[in-house]
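S.K.: Below you will find the structure I want to go over with you.
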Amino acid sequence: MRRALVRRPADSLAEGQITHIERVPIDLELAHAQWAGYVATLQREGWDTIEVEPAPDQPDSVFVEDAVIMFGDTAVLASPGAPSRRGETAGAEGSARALGRMVRRLDLPGTLDGGDVLKVGTTVYVGQSLRTNADGTRQLTEIVEPLGYSVVPVPVTRALHLKTAITALPDGSIIGYPPLVDDPALFDRFLAVPEAEGTAVVVLDEHTLLISAAAPRTTALLTGLGYRMVTVDITEFEKLEGCVTCLSVRVR
């Protein structure tokens, strides 16, 4: 069974955090429509979606990826780096427990956002960003190493989160937009993509990738590598430094 957690946008979405870009107006009606389209796309591609309890007082809560990270039967609750986001984990915990996952949590002063965690096989790259610190990384390491994972810290100074800058293809290759990547040499196989919006892909299956409609050149590049590309329009979330990975958590 393929399942993914999602969380509908709060009406306070326009008040969400931004760090590396200028604030621009958010069309809330369009954001709700785009979120519904994103969820419908997952469902059409064979994913059952589980809606985390809405958090109307949490503007960034739609970015559910930041609240919880799945490692098989273990769900790790994040310790958000932005104080305004620390209420987001409660609903994610409820959904993880309903799925029968063992829940572990990260604690302050350690901070870690799920968007800074990229799993590639048994390797876990963890971005050292404004939202994730060394103590948060240490705590995550102590949880996941006994589960068979190895943690690799990665500097992130040019983007909000690691997965704003890079993601991975099914074959383990890392893709990224070079101006956002601190050190591409950290990765054995790095493929540069031509658009910032093309850095993030969600692997739907071994042959199918979900990508932003704002990255047509990257879509063409990955199509040329043999992948079937599925595009979604998420402009209103990109205005808040969001991407396709931010809007769901695959239960895996």
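The chains in the structure tokens are called A, B, ... from first to last as shown; in each chain the residues are counted from 1, and the ligands are counted from 1 in the order shown.
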What are the DSSP strand (DSSP E or B) residues of segment 29-234 of chain A, as a VMD selection string?
M.R.: chain A and resid 48 to 51 68 to 71 74 to 77 79 102 to 105 112 117 to 120 123 to 128 150 to 155 166 to 168 174 to 176 190 to 192 202 to 205 208 to 212 228 to 232
S.K.: Give me, as a count of residues only, all polymer residues having an atom no more than 8 Å from Ser12 of chain A, counting only C-alpha atoms and skipping those fewer than 6 positions away in the same chain.
M.R.: 4
S.K.: Which neighbours of segment 162-172 of chain A fall inside 6 Å, counting only C-alpha atoms, when residues of the same chain fewer than 6 positions from it are skipped, and could you give them as a PyMOL selection string?
M.R.: chain A and resi 115-116+127+180-181+199-200+206
S.K.: Against segment 13-22 of chain A, which residues of segment 114-222 of chain A fall within 8 Å? For each one I want the closest pair of atoms and the distance in Å (one decimal), counting only C-alpha atoms, rows by chain and increasing residue number, as a tab-separated table.
M.R.:
```
residue	atom	partner	partner_atom	distance
A:Arg158	CA	A:His20	CA	7.8
A:Ala159	CA	A:His20	CA	6.6
A:Leu160	CA	A:Thr19	CA	6.6
```
S.K.: Given only C-alpha atoms as the basis, pick out the residue of A:Glu45, A:Thr111, A:Ala4, A:Thr123 nearest to Leu210 of chain A.
M.R.: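 The closest residue to Leu210 of chain A is A:Glu45.
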S.K.: Quick one: DSSP helix (DSSP H, G or I) residues in segment 164-248 of chain A, as a PyMOL selection string?
M.R.: chain A and resi 164-165+178-180+184-186+196-198+216-224+235-238
S.K.: Please provide as a PyMOL selection string all residues within 7 Å of Val151 of chain A, with the sequence filter that same-chain residues fewer than 4 positions apart are discarded (counting only C-alpha atoms).
M.R.: chain A and resi 123-126+141
S.K.: Can those selected residues be exported to a file as a PDB file, in the first residue's frame so that it contains C-alpha atoms?
M.R.:
```
ATOM      1  CA  THR A 123      21.950   7.215   3.628  1.00  0.00           C
ATOM      2  CA  VAL A 124      20.257  10.159   5.308  1.00  0.00           C
ATOM      3  CA  TYR A 125      21.516  13.561   4.195  1.00  0.00           C
ATOM      4  CA  VAL A 126      20.670  16.237   6.770  1.00  0.00           C
ATOM      5  CA  THR A 141      21.477  10.225  14.258  1.00  0.00           C
TER       6      THR A 141
END
```
S.K.: Got a sec: who's within 7 Å of Tyr177 of chain A, counting only C-alpha atoms, leaving out chain neighbours fewer than 6 positions off, as JSON, numbers by chain?
M.R.: {"A": [165, 192, 193, 194, 195, 196, 199]}
S.K.: Those selected residues, please, written with C-alpha atoms and delivered as a PDB file, in the first residue's frame.
M.R.:
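Output file selection25.pdb follows:
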```pdb
ATOM      1  CA  ALA A 165      18.251  22.716  -3.136  1.00  0.00           C
ATOM      2  CA  ALA A 192      22.620  19.850 -12.412  1.00  0.00           C
ATOM      3  CA  VAL A 193      19.130  20.990 -13.390  1.00  0.00           C
ATOM      4  CA  PRO A 194      18.403  24.288 -15.174  1.00  0.00           C
ATOM      5  CA  GLU A 195      15.685  25.734 -12.892  1.00  0.00           C
ATOM      6  CA  ALA A 196      15.379  26.398  -9.188  1.00  0.00           C
ATOM      7  CA  THR A 199      15.394  20.828  -7.747  1.00  0.00           C
TER       8      THR A 199
END
```
S.K.: Using only C-alpha atoms, find the one residue out of A:Val117, A:Ala213, A:Thr235, A:Phe71 that sits nearest to Tyr149 of chain A.
M.R.: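 Once distances to Tyr149 of chain A are computed over only C-alpha atoms, the minimum belongs to A:Phe71.
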S.K.: Could you work out how far atom CA of Pro109 of chain A lies from atom CA of Met70 of chain A, giving the answer in Å with one decimal?
M.R.: 21.7 Å
S.K.: Would you kindly return, as a ChimeraX atom specification, each protein, DNA or RNA residue with an atom no farther than 12 Å from any atom of Pro216 of chain A, considering only C-alpha atoms and excluding same-chain residues fewer than 2 positions away?
M.R.: /A:193-199,211-214,218-223,229-233
S.K.: Asp73 of chain A: which residues within 9 Å, counting only C-alpha atoms, same-chain residues fewer than 3 positions away excluded, as a PyMOL selection string?
M.R.: chain A and resi 70+100-103+251-252
S.K.: So, counting only C-alpha atoms, which residue among A:Arg23, A:Arg97, A:Arg228, A:Arg3 is closest to Gln43 of chain A?
M.R.: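 Distance minimum relative to Gln43 of chain A lands on A:Arg3.
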